[in-house]
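Listing of query-v6.cif; format and content: mmCIF, C-alpha atoms and all ligand atoms.
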```cif
data_work
#
loop_
_atom_site.label_atom_id
_atom_site.label_comp_id
_atom_site.auth_asym_id
_atom_site.auth_seq_id
_atom_site.Cartn_x
_atom_site.Cartn_y
_atom_site.Cartn_z
CA MET A 1 16.58 31.96 84.49
CA GLU A 2 13.70 31.23 82.11
CA ASN A 3 10.17 32.42 82.77
CA ILE A 4 8.03 29.32 82.48
CA LEU A 5 4.30 29.19 81.81
CA ILE A 6 2.49 26.02 82.90
CA SER A 7 -1.05 25.76 81.58
CA GLY A 8 -3.00 23.45 83.88
CA GLY A 9 -0.37 24.19 86.51
CA SER A 10 -2.82 23.74 89.40
CA GLY A 11 -3.50 20.12 88.50
CA PHE A 12 -1.73 16.95 89.54
CA ILE A 13 1.31 17.01 87.26
CA GLY A 14 1.35 20.81 86.91
CA SER A 15 1.44 21.61 90.63
CA ASN A 16 4.21 19.09 91.37
CA LEU A 17 6.16 20.42 88.40
CA ALA A 18 5.62 24.06 89.41
CA LEU A 19 6.99 23.40 92.91
CA LYS A 20 10.04 21.67 91.47
CA LEU A 21 10.73 24.49 89.01
CA VAL A 22 10.36 27.14 91.70
CA SER A 23 12.83 25.20 93.89
CA LEU A 24 15.26 25.25 90.96
CA GLY A 25 15.00 29.04 90.75
CA TYR A 26 12.69 29.42 87.73
CA LYS A 27 9.93 32.00 87.66
CA VAL A 28 6.65 30.19 87.08
CA ASN A 29 3.37 31.50 85.66
CA VAL A 30 0.32 29.25 85.89
CA LEU A 31 -2.76 29.50 83.68
CA ASP A 32 -5.58 27.34 85.04
CA ASN A 33 -9.38 27.63 85.21
CA LEU A 34 -9.54 25.49 88.39
CA SER A 35 -12.03 23.14 86.77
CA SER A 36 -14.55 21.90 89.36
CA GLN A 37 -14.28 18.30 88.18
CA VAL A 38 -10.62 18.30 89.26
CA HIS A 39 -10.65 20.78 92.16
CA THR A 40 -14.30 20.53 93.39
CA ASP A 41 -16.50 23.61 93.56
CA THR A 42 -14.80 24.81 96.73
CA ILE A 43 -11.42 25.97 95.52
CA GLU A 44 -10.23 26.41 99.10
CA ASN A 45 -10.32 22.59 99.29
CA SER A 46 -8.01 22.09 96.33
CA HIS A 47 -4.78 20.78 97.83
CA THR A 48 -2.86 21.20 94.59
CA PHE A 49 -3.97 24.80 94.11
CA LYS A 50 -3.19 25.60 97.74
CA SER A 51 0.29 24.12 97.35
CA ILE A 52 1.26 26.53 94.54
CA LYS A 53 -0.83 29.68 94.91
CA ASP A 54 1.71 31.70 96.89
CA LYS A 55 4.73 30.44 94.96
CA VAL A 56 3.77 31.19 91.36
CA ASN A 57 2.19 33.98 89.38
CA PHE A 58 -1.32 32.51 89.16
CA ILE A 59 -3.67 33.54 86.35
CA ARG A 60 -7.15 32.12 86.63
CA GLY A 61 -8.20 31.69 83.04
CA ASP A 62 -9.36 29.29 80.38
CA VAL A 63 -7.33 27.94 77.48
CA ARG A 64 -10.41 28.51 75.30
CA ASN A 65 -10.05 32.26 75.87
CA ARG A 66 -7.57 34.25 73.77
CA ASN A 67 -7.15 37.06 76.30
CA ASP A 68 -6.27 34.60 79.04
CA TRP A 69 -3.57 33.03 76.88
CA GLN A 70 -2.25 36.48 75.90
CA LYS A 71 -1.86 37.49 79.55
CA ALA A 72 -0.12 34.25 80.39
CA ILE A 73 2.21 34.17 77.38
CA SER A 74 3.24 37.84 77.57
CA ASN A 75 6.36 37.39 79.74
CA SER A 76 7.04 33.66 79.19
CA THR A 77 9.97 32.09 77.36
CA ILE A 78 8.95 28.43 77.74
CA ILE A 79 5.41 27.01 77.69
CA ILE A 80 4.52 23.68 79.26
CA HIS A 81 1.01 22.99 77.99
CA LEU A 82 -0.76 20.60 80.37
CA ALA A 83 -4.30 22.04 80.64
CA SER A 84 -6.63 19.44 79.29
CA GLU A 85 -9.76 17.39 79.77
CA THR A 86 -8.33 14.01 80.76
CA GLY A 87 -10.98 11.26 81.04
CA THR A 88 -10.82 8.57 78.35
CA GLY A 89 -14.36 7.27 79.01
CA GLN A 90 -15.86 10.71 79.47
CA SER A 91 -14.33 11.88 76.20
CA MET A 92 -16.57 9.43 74.34
CA TYR A 93 -19.71 11.45 75.12
CA GLN A 94 -18.42 14.95 75.98
CA ILE A 95 -16.91 15.11 72.53
CA GLU A 96 -17.38 18.79 71.77
CA LYS A 97 -15.92 19.85 75.14
CA TYR A 98 -12.87 17.59 74.80
CA VAL A 99 -12.16 18.86 71.31
CA GLN A 100 -12.69 22.50 72.28
CA VAL A 101 -10.46 22.39 75.37
CA ASN A 102 -7.72 20.09 74.11
CA CYS A 103 -7.54 20.90 70.40
CA GLY A 104 -9.13 24.36 70.48
CA GLY A 105 -7.03 25.47 73.47
CA THR A 106 -3.83 24.35 71.74
CA ALA A 107 -4.89 26.02 68.49
CA LEU A 108 -5.41 29.35 70.30
CA MET A 109 -1.99 29.15 71.95
CA LEU A 110 -0.33 28.44 68.59
CA ASP A 111 -2.32 31.18 66.85
CA ILE A 112 -0.92 33.71 69.34
CA LEU A 113 2.62 32.38 68.86
CA SER A 114 2.15 32.71 65.09
CA ASN A 115 0.57 36.12 64.94
CA GLU A 116 1.63 38.14 67.96
CA LYS A 117 4.87 39.34 69.54
CA HIS A 118 6.29 37.02 72.18
CA ARG A 119 9.57 35.63 73.57
CA VAL A 120 8.66 31.92 73.58
CA LYS A 121 11.46 29.65 72.37
CA LYS A 122 10.24 26.25 73.50
CA VAL A 123 6.88 24.47 73.90
CA VAL A 124 6.52 21.21 75.82
CA VAL A 125 3.09 19.61 75.36
CA ALA A 126 1.59 16.80 77.43
CA SER A 127 0.65 13.94 75.17
CA SER A 128 -0.43 10.48 76.24
CA ARG A 129 0.01 6.77 75.70
CA ALA A 130 -3.66 6.93 74.60
CA ILE A 131 -2.51 7.98 71.13
CA TYR A 132 -1.22 4.43 70.48
CA GLY A 133 -4.58 2.75 71.06
CA GLU A 134 -3.88 -0.93 71.65
CA GLY A 135 -0.17 -0.39 71.03
CA LYS A 136 2.39 -2.75 69.55
CA TYR A 137 2.08 -6.55 69.43
CA HIS A 138 3.80 -9.50 67.81
CA SER A 139 1.99 -12.09 65.73
CA LYS A 140 3.66 -15.42 64.90
CA LYS A 141 2.27 -15.18 61.38
CA PHE A 142 2.60 -11.46 60.60
CA GLY A 143 5.43 -10.16 62.82
CA PHE A 144 4.82 -6.69 64.35
CA VAL A 145 1.15 -5.71 64.33
CA TYR A 146 -0.91 -2.80 65.69
CA PRO A 147 -4.32 -4.30 66.44
CA ASN A 148 -7.55 -2.34 66.25
CA ALA A 149 -9.80 -1.83 69.27
CA ARG A 150 -11.38 -5.07 70.48
CA ASP A 151 -14.89 -5.75 69.23
CA ASN A 152 -18.06 -6.12 71.27
CA ILE A 153 -18.75 -9.78 70.41
CA GLN A 154 -15.28 -10.79 71.58
CA MET A 155 -15.56 -8.76 74.80
CA THR A 156 -19.10 -9.94 75.60
CA ASN A 157 -17.80 -13.51 75.37
CA GLY A 158 -15.17 -12.71 78.00
CA GLN A 159 -12.30 -12.89 75.48
CA PHE A 160 -10.38 -9.79 76.49
CA GLU A 161 -6.88 -10.49 75.14
CA LEU A 162 -5.88 -9.21 71.71
CA LEU A 163 -6.18 -11.86 68.99
CA CYS A 164 -4.77 -12.00 65.47
CA SER A 165 -7.66 -10.90 63.24
CA ILE A 166 -7.00 -13.77 60.79
CA THR A 167 -5.71 -16.73 62.82
CA LYS A 168 -7.50 -15.76 66.10
CA ILE A 169 -4.33 -16.79 67.97
CA PRO A 170 -3.48 -14.50 70.96
CA LEU A 171 -0.94 -11.79 70.19
CA LEU A 172 2.13 -11.03 72.29
CA MET A 173 2.24 -7.52 73.80
CA LEU A 174 5.47 -5.56 73.20
CA SER A 175 6.69 -2.25 74.60
CA THR A 176 5.38 0.57 72.45
CA ASP A 177 8.11 2.74 70.91
CA GLU A 178 7.58 6.20 69.45
CA ASP A 179 7.55 4.91 65.86
CA SER A 180 4.58 2.66 66.62
CA LYS A 181 1.37 3.28 64.76
CA ILE A 182 -0.72 6.18 66.06
CA HIS A 183 -4.31 4.94 66.17
CA PRO A 184 -6.17 6.14 69.25
CA SER A 185 -9.33 4.32 70.35
CA SER A 186 -10.91 7.26 72.21
CA ILE A 187 -11.71 10.90 71.54
CA TYR A 188 -9.27 11.77 74.33
CA GLY A 189 -6.50 9.91 72.47
CA ILE A 190 -7.43 11.64 69.21
CA THR A 191 -7.22 15.07 70.86
CA LYS A 192 -3.83 14.28 72.42
CA SER A 193 -2.43 13.16 69.09
CA ASN A 194 -3.89 16.23 67.45
CA GLN A 195 -2.37 18.57 70.10
CA GLU A 196 1.02 17.00 69.59
CA GLN A 197 0.91 17.27 65.81
CA MET A 198 -0.28 20.88 65.84
CA VAL A 199 2.46 21.88 68.27
CA HIS A 200 5.21 20.23 66.20
CA VAL A 201 4.04 21.57 62.85
CA VAL A 202 3.50 25.18 63.96
CA CYS A 203 6.57 25.42 66.23
CA LYS A 204 8.79 24.08 63.45
CA SER A 205 7.52 26.76 61.09
CA LEU A 206 8.24 29.46 63.70
CA GLY A 207 11.69 28.19 64.74
CA ILE A 208 10.43 27.31 68.26
CA SER A 209 11.62 24.00 69.81
CA SER A 210 8.84 21.53 70.57
CA ILE A 211 8.78 18.40 72.70
CA ALA A 212 5.72 16.20 73.21
CA LEU A 213 5.87 13.99 76.28
CA ARG A 214 3.71 10.90 75.90
CA TYR A 215 3.02 10.17 79.57
CA GLN A 216 1.91 6.71 80.63
CA ASN A 217 -0.38 6.36 83.69
CA VAL A 218 0.94 8.89 86.19
CA TYR A 219 0.21 8.34 89.90
CA GLY A 220 1.26 9.74 93.25
CA PRO A 221 0.57 12.48 95.80
CA GLY A 222 -1.51 15.30 94.35
CA GLN A 223 -3.77 13.15 92.19
CA SER A 224 -7.35 14.41 92.23
CA LEU A 225 -9.32 12.29 94.69
CA SER A 226 -12.61 13.90 93.69
CA ASN A 227 -12.50 13.21 89.94
CA PRO A 228 -14.18 9.83 89.26
CA TYR A 229 -13.35 9.91 85.54
CA THR A 230 -9.61 9.38 85.65
CA GLY A 231 -6.79 7.95 87.78
CA ILE A 232 -7.45 4.35 88.75
CA LEU A 233 -5.47 4.55 92.03
CA SER A 234 -7.54 7.53 93.17
CA VAL A 235 -10.81 5.96 92.09
CA PHE A 236 -10.06 2.71 93.95
CA SER A 237 -8.81 4.58 97.05
CA THR A 238 -11.93 6.74 97.24
CA ARG A 239 -14.06 3.58 96.93
CA ILE A 240 -12.14 1.86 99.72
CA LEU A 241 -12.24 4.82 102.08
CA ASN A 242 -15.99 5.18 101.55
CA ASN A 243 -16.26 1.46 102.40
CA ASN A 244 -17.51 0.55 98.93
CA SER A 245 -16.46 -2.48 96.90
CA ILE A 246 -13.91 -2.10 94.12
CA ASN A 247 -15.28 -2.84 90.66
CA ILE A 248 -12.57 -4.35 88.45
CA PHE A 249 -13.43 -4.27 84.75
CA GLU A 250 -12.77 -7.19 82.36
CA ASP A 251 -10.93 -10.01 84.16
CA GLY A 252 -8.50 -7.76 86.07
CA LYS A 253 -5.55 -8.97 84.02
CA GLN A 254 -5.39 -5.83 81.87
CA THR A 255 -2.15 -3.95 82.49
CA ARG A 256 -0.83 -0.41 82.53
CA ASP A 257 2.60 1.18 82.89
CA PHE A 258 2.38 3.23 86.11
CA VAL A 259 4.94 5.99 86.42
CA PHE A 260 5.42 7.91 89.67
CA ILE A 261 4.84 11.66 89.69
CA ASP A 262 8.45 12.51 90.73
CA ASP A 263 9.78 10.64 87.69
CA VAL A 264 7.33 12.49 85.43
CA VAL A 265 8.42 15.81 86.93
CA ASP A 266 12.09 14.86 86.38
CA ALA A 267 11.39 13.92 82.76
CA THR A 268 9.62 17.22 82.13
CA VAL A 269 12.43 19.23 83.73
CA LEU A 270 14.96 17.33 81.58
CA ALA A 271 12.89 18.22 78.50
CA ILE A 272 12.89 21.90 79.50
CA GLN A 273 16.62 21.98 80.13
CA ASP A 274 17.61 20.17 76.95
CA ASP A 275 19.13 22.50 74.38
CA SER A 276 19.68 20.10 71.51
CA ILE A 277 16.20 18.87 70.55
CA LYS A 278 14.37 20.93 67.95
CA SER A 279 11.28 18.76 67.59
CA CYS A 280 10.46 15.33 68.99
CA SER A 281 8.00 13.12 70.86
CA LEU A 282 9.13 10.97 73.77
CA ASN A 283 7.51 8.18 75.79
CA ILE A 284 7.59 8.78 79.53
CA GLY A 285 6.84 5.66 81.56
CA THR A 286 8.74 2.91 83.32
CA GLY A 287 8.66 0.09 80.75
CA GLU A 288 7.09 -2.15 83.46
CA SER A 289 3.48 -3.26 83.53
CA THR A 290 1.14 -3.97 86.45
CA THR A 291 -2.30 -5.62 86.36
CA VAL A 292 -5.34 -3.70 87.51
CA LEU A 293 -6.24 -6.56 89.86
CA LYS A 294 -2.83 -6.28 91.57
CA ILE A 295 -3.51 -2.60 92.20
CA GLY A 296 -6.89 -3.33 93.77
CA LYS A 297 -5.36 -5.97 96.05
CA LEU A 298 -2.37 -3.82 97.03
CA LEU A 299 -4.53 -0.80 97.88
CA LYS A 300 -6.90 -2.96 99.92
CA LYS A 301 -3.92 -4.28 101.88
CA LEU A 302 -2.25 -0.90 102.36
CA PHE A 303 -5.49 0.67 103.59
CA ASN A 304 -6.08 -2.40 105.78
CA SER A 305 -9.57 -2.68 104.31
CA GLU A 306 -12.15 -5.48 104.13
CA VAL A 307 -14.04 -4.21 101.04
CA ASN A 308 -14.86 -6.71 98.28
CA ILE A 309 -13.02 -6.80 95.02
CA ASP A 310 -15.57 -7.58 92.28
CA ILE A 311 -14.16 -8.77 89.00
CA SER A 312 -17.22 -7.73 87.05
CA LYS A 313 -16.27 -8.61 83.43
CA GLN A 314 -17.82 -5.27 82.53
CA TYR A 315 -15.90 -3.28 79.96
CA ARG A 316 -15.75 0.26 78.73
CA ILE A 317 -15.72 1.16 75.06
CA GLY A 318 -12.45 2.97 74.28
CA ASP A 319 -10.44 1.18 76.98
CA ILE A 320 -7.33 -0.64 75.87
CA ARG A 321 -6.13 -4.01 77.13
CA HIS A 322 -2.42 -3.44 77.75
CA ASN A 323 0.23 -0.81 77.20
CA LYS A 324 3.76 -0.24 78.33
CA ALA A 325 6.30 2.21 77.06
CA ASP A 326 9.62 1.64 75.39
CA ILE A 327 11.59 4.48 77.02
CA THR A 328 14.87 4.00 75.14
CA LYS A 329 14.48 7.23 73.18
CA ALA A 330 13.82 9.37 76.29
CA ARG A 331 16.85 7.80 77.97
CA GLU A 332 19.09 8.45 74.99
CA LEU A 333 17.88 11.96 74.13
CA ILE A 334 17.25 13.59 77.52
CA GLY A 335 18.80 11.10 79.96
CA PHE A 336 15.47 10.08 81.51
CA ARG A 337 15.71 7.17 83.97
CA PRO A 338 12.70 6.44 86.20
CA LYS A 339 13.82 5.87 89.79
CA VAL A 340 10.70 4.97 91.76
CA SER A 341 9.53 1.34 91.90
CA PHE A 342 5.78 0.69 91.86
CA GLU A 343 5.92 -0.93 95.31
CA PHE A 344 7.56 2.17 96.83
CA GLY A 345 5.43 4.64 94.87
CA ILE A 346 2.10 3.12 95.85
CA LYS A 347 3.10 3.27 99.54
CA LYS A 348 3.92 6.98 99.17
CA PHE A 349 0.60 7.49 97.43
CA VAL A 350 -1.37 5.71 100.18
CA GLU A 351 0.46 7.65 102.93
CA TRP A 352 -0.54 10.85 101.19
CA VAL A 353 -4.18 9.80 100.68
CA LYS A 354 -4.44 9.02 104.39
CA SER A 355 -3.51 12.65 105.15
CA GLN A 356 -6.25 14.03 102.87
CA GLU A 357 -9.90 14.82 103.31
CA ILE A 358 -11.85 12.00 101.71
CA TYR A 359 -14.45 12.97 99.17
CA SER A 360 -17.80 11.29 98.75
CA ASP A 361 -17.61 8.60 96.13
CA MET A 362 -18.88 9.77 92.71
CA TYR A 363 -17.90 6.55 90.96
CA ASP A 364 -21.43 5.08 90.61
CA GLN A 365 -22.59 8.32 89.05
CA SER A 366 -19.77 8.22 86.49
CA ILE A 367 -20.55 4.56 85.65
CA ASN A 368 -24.26 5.30 85.26
CA GLU A 369 -23.43 8.15 82.91
CA MET A 370 -21.42 5.77 80.77
CA LYS A 371 -24.12 3.09 80.86
CA ASN A 372 -26.74 5.64 79.79
CA LYS A 373 -24.59 6.55 76.81
CA GLY A 374 -24.18 2.87 75.84
CA LEU A 375 -20.45 2.99 76.52
CA MET A 376 -20.34 0.54 79.41
CA LYS A 377 -21.15 -3.09 78.76
N1 LIG B 401 -2.16 11.93 84.87
C1 LIG B 401 -1.94 11.05 83.92
O1 LIG B 401 -1.92 9.83 84.14
C2 LIG B 401 -1.68 11.52 82.50
C3 LIG B 401 -1.32 10.54 81.54
C4 LIG B 401 -1.12 10.96 80.23
C5 LIG B 401 -1.22 12.30 79.89
N2 LIG B 401 -1.57 13.21 80.85
C6 LIG B 401 -1.71 14.62 80.44
O2 LIG B 401 -0.99 15.44 81.34
C7 LIG B 401 -1.66 16.69 81.50
C8 LIG B 401 -1.87 16.97 82.97
O3 LIG B 401 -2.63 15.92 83.54
P1 LIG B 401 -3.00 15.88 85.08
O4 LIG B 401 -3.06 14.45 85.47
O5 LIG B 401 -2.15 16.83 85.83
O6 LIG B 401 -4.50 16.42 85.02
P2 LIG B 401 -5.31 17.29 86.09
O7 LIG B 401 -6.74 17.13 85.73
O8 LIG B 401 -4.88 17.00 87.47
O9 LIG B 401 -4.84 18.77 85.73
C9 LIG B 401 -5.32 19.45 84.62
C10 LIG B 401 -5.43 20.92 84.99
O10 LIG B 401 -5.91 21.63 83.85
C11 LIG B 401 -6.90 22.54 84.28
N3 LIG B 401 -7.83 22.78 83.18
C12 LIG B 401 -8.77 21.92 82.67
N4 LIG B 401 -9.44 22.53 81.69
C13 LIG B 401 -8.93 23.78 81.57
C14 LIG B 401 -9.24 24.88 80.74
N5 LIG B 401 -10.24 24.82 79.85
N6 LIG B 401 -8.50 26.02 80.87
C15 LIG B 401 -7.52 26.10 81.80
N7 LIG B 401 -7.19 25.08 82.63
C16 LIG B 401 -7.90 23.95 82.51
C17 LIG B 401 -7.58 21.89 85.48
O11 LIG B 401 -8.22 22.83 86.33
C18 LIG B 401 -6.41 21.18 86.14
O12 LIG B 401 -5.83 21.99 87.13
C19 LIG B 401 -2.93 16.59 80.68
O13 LIG B 401 -2.70 17.20 79.44
C20 LIG B 401 -3.14 15.11 80.50
O14 LIG B 401 -3.84 14.82 79.31
C21 LIG B 401 -1.80 12.85 82.14
#
```
Using structure tokens, write down the structure that the file contains.
Ligand SMILES: NC(=O)c1ccc[n+]([C@@H]2O[C@H](COP(=O)([O-])OP(=O)(O)OC[C@H]3O[C@@H](n4cnc5c(N)ncnc54)[C@H](O)[C@@H]3O)[C@@H](O)[C@H]2O)c1
Amino acid sequence: MENILISGGSGFIGSNLALKLVSLGYKVNVLDNLSSQVHTDTIENSHTFKSIKDKVNFIRGDVRNRNDWQKAISNSTIIIHLASETGTGQSMYQIEKYVQVNCGGTALMLDILSNEKHRVKKVVVASSRAIYGEGKYHSKKFGFVYPNARDNIQMTNGQFELLCSITKIPLLMLSTDEDSKIHPSSIYGITKSNQEQMVHVVCKSLGISSIALRYQNVYGPGQSLSNPYTGILSVFSTRILNNNSINIFEDGKQTRDFVFIDDVVDATVLAIQDDSIKSCSLNIGTGESTTVLKIGKLLKKLFNSEVNIDISKQYRIGDIRHNKADITKARELIGFRPKVSFEFGIKKFVEWVKSQEIYSDMYDQSINEMKNKGLMK
């Protein structure tokens, strides 16, 4: 059996993946700094860390530290690199930190693989749908187009849909395939694209297989309920359980492709077990899209709550309007088929949230931070 290193293995995706790999008989090493934004300052409270700590070889360390990587890589044959700063909005003002952790951390890992002795034969890196920016659209006049981020004048006037830049006619959203244009609209997206490219280029030169998994919006049990910067289902749930209204940006009709954690774990295991791929990037989502307003309403119903849903028409610079994945390539190359419907998955998520300690709501603080930086309109 392979010896697998998961960086960020105490987080949402990493902990679920670690438990699955252990159940399949793999030996798992985890490198994680237990960041307080994800796990709170009291590590004993971190449900994801608690779930794995006695089942894996846990190394508390930082991907910005060479020695920590060296320790973690020393007996590993496969690396799954998940450790990352993950907030799209936050990345627009914590730029140095996002670049240091995401790009710098990946650079250090690759530098060790290039210059030191090791047994690593495959690297799987977590990429994101954020690398596509607004994604792929169809214009009646121009055919396939990849629109730029929406501008402030348009958004201030409440025109949130993507328009053709010349004719101003609304564009039709299509599923984004892997050959779509890479043009991220946030620093987070830039770092994810950069991680992916570095991993492919260096691994190819070293004869190491590399797979980048471009996850869509992942949700489910294990999501951080204390981190107000990422994970819309968690953010809304924490608002509801603190009896606060839900603030829906734009007009609520923006959509995302929500993929359940078990499907993401399956996809990542399939990527690990594949022996044929030398280097490729794959979309991991469901190919279905759900509006943000629908999520707010469903959560309110499932929590049996009376809180208000405010459609505020506010918007965040760097946010995209719609995105859903074309998952044909992942199906054909690794046999990935998502199994969990959104209706079923959100019920599982709510059941799990109800069994958790509820954190005080840090949402207003995160919004004020963004307003102060001029990123929230
Ligand atoms: N969850 C999603 O919807 C989603 C979507 C697309 C891509 N991704 C990517 O998947 C990966 C995992 O995401 P997640 O949702 O599990 O995030 P998460 O925040 O739950 O987990 C990230 C883990 O990385 C650790 N970490 C952060 N900075 C670190 C550092 N400097 N050194 C060591 N460890 C550090 C954290 O402590 C945490 O345990 C990330 O790379 C993320 O960009 C996630």
Discussion item. Would you compute the distance between atom CA of A:Ala325 and atom CA of A:Val269? Give it in Å to one decimal.
Written reply: 19.3 Å
Fill in: Nearby residues (all atoms listed in the file) at most 7 Å from A:Gln314, same-chain spacing under 6 positions excluded, as a ChimeraX atom specification
/A:249-250,377
Discussion item. I'd like to know which of A:Ile261, A:Cys203, A:Cys280, A:Leu5 is closest to ligand LIG 401 (chain B), using all atoms listed in the file.
Written reply: A:Ile261
Worksheet item: Can I get the residues close to ligand LIG 401 (chain B) as a PyMOL selection string, where close means within 6 Å and we count all atoms listed in the file?
Response: chain A and resi 8-14+32-35+38+61-64+82-86+101+126-128+215-218+224
Discussion item. So that I can check the surroundings of A:Arg316, please list as a PyMOL selection string every protein, DNA and RNA residue that reaches within 12 Å of it, counting only C-alpha atoms and ignoring chain neighbours fewer than 2 positions away.
Written reply: chain A and resi 88-92+149-152+155-156+160+185-186+248-250+312-314+318-321+366-371+373-377
Practice prompt. For atom CA of A:Asp266 and atom CA of A:Glu178, quote the distance in Å rounded to one decimal.
Written response: 19.5 Å
Worksheet item: Using all atoms listed in the file, which residues sit within 10 Å of stretch 54-58 of chain A once same-chain residues fewer than 5 positions away are excluded, as a PyMOL selection string?
Response: chain A and resi 5-6+9-10+15+18-19+21-23+26-32+49+72
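Taking atom CA of A:Trp352 and atom CA of A:Lys324 as endpoints, the distance between them is 25.8 Å.
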Fill in: Given only C-alpha atoms as the counted atoms, nearest of A:Met109, A:Val145, A:Ile4, A:Leu213 to A:Asn75
A:Ile4
Practice prompt. Would you kindly return, as a PyMOL selection string, each protein, DNA or RNA residue with an atom no farther than 12 Å from any atom of A:Thr268, considering all atoms listed in the file and excluding same-chain residues fewer than 4 positions away?
Written response: chain A and resi 6+13-14+16-18+20-21+79-82+123-127+211-215+261-264+272-274+282-285+330+334-338
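Among the candidates A:Gln356, A:Asn372, A:Asn304, A:Asn244, the residue lying nearest to A:Tyr93 is A:Asn372 (atoms considered: all atoms listed in the file).
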Adding 4 Å on each side of the box along x, y and z that holds all listed atoms of stretch 151-170 of chain A, could you give its centre and edge lengths in Å to one decimal, as JSON?
```
{"center_x": -11.3, "center_y": -11.3, "center_z": 69.4, "size_x": 23.6, "size_y": 19.0, "size_z": 25.2}
```
Fill in: All residues 9 Å or closer to A:Leu241, only C-alpha atoms, same chain fewer than 2 positions away omitted, as a PyMOL selection string
chain A and resi 236-239+243-244+303+305+358-359+361
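Comparing A:Gly207, A:Gly296, A:Pro228, A:Gly220 by their smallest distance to A:Val120, the closest is A:Gly207 (using all atoms listed in the file).
With only C-alpha atoms as the atoms that count, the residue of A:His118, A:His322, A:Lys301, A:Lys141 with the shortest distance to A:Glu288 is A:His322.
Proximity of A:Thr77, A:Gln70, A:Ser175, A:Ser205 to A:Leu108, computed with all atoms listed in the file, is greatest for A:Gln70.
Within 8 Å of the point (-2.6, 6.7, 96.6) in file coordinates, and counting all atoms listed in the file, lie the residues Tyr219, Gly220, Pro221, Gln223, Leu233, Ser234, Ser237, Leu299, Ile346, Lys347, Lys348, Phe349, Val350, Glu351, Trp352 and Val353 of chain A.
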Go through stretch 86-197 of chain A residue by residue and, counting all atoms listed in the file, keep those with an atom at most 12 Å from stretch 254-257 of chain A; for each kept residue give the shortest atom pair and its distance in Å to one decimal, ordered by chain and increasing number, as JSON lines.
```
{"residue": "A:Ser128", "atom": "CA", "partner": "A:Asp257", "partner_atom": "CA", "distance": 11.8}
{"residue": "A:Arg129", "atom": "CA", "partner": "A:Asp257", "partner_atom": "CA", "distance": 9.5}
{"residue": "A:Ala130", "atom": "CA", "partner": "A:Arg256", "partner_atom": "CA", "distance": 11.2}
{"residue": "A:Glu134", "atom": "CA", "partner": "A:Arg256", "partner_atom": "CA", "distance": 11.3}
{"residue": "A:Gly135", "atom": "CA", "partner": "A:Arg256", "partner_atom": "CA", "distance": 11.5}
{"residue": "A:Gln159", "atom": "CA", "partner": "A:Gln254", "partner_atom": "CA", "distance": 11.8}
{"residue": "A:Phe160", "atom": "CA", "partner": "A:Gln254", "partner_atom": "CA", "distance": 8.3}
{"residue": "A:Glu161", "atom": "CA", "partner": "A:Gln254", "partner_atom": "CA", "distance": 8.3}
{"residue": "A:Leu162", "atom": "CA", "partner": "A:Gln254", "partner_atom": "CA", "distance": 10.7}
{"residue": "A:Met173", "atom": "CA", "partner": "A:Thr255", "partner_atom": "CA", "distance": 10.4}
{"residue": "A:Ser175", "atom": "CA", "partner": "A:Asp257", "partner_atom": "CA", "distance": 9.9}
{"residue": "A:Thr176", "atom": "CA", "partner": "A:Asp257", "partner_atom": "CA", "distance": 10.8}
```
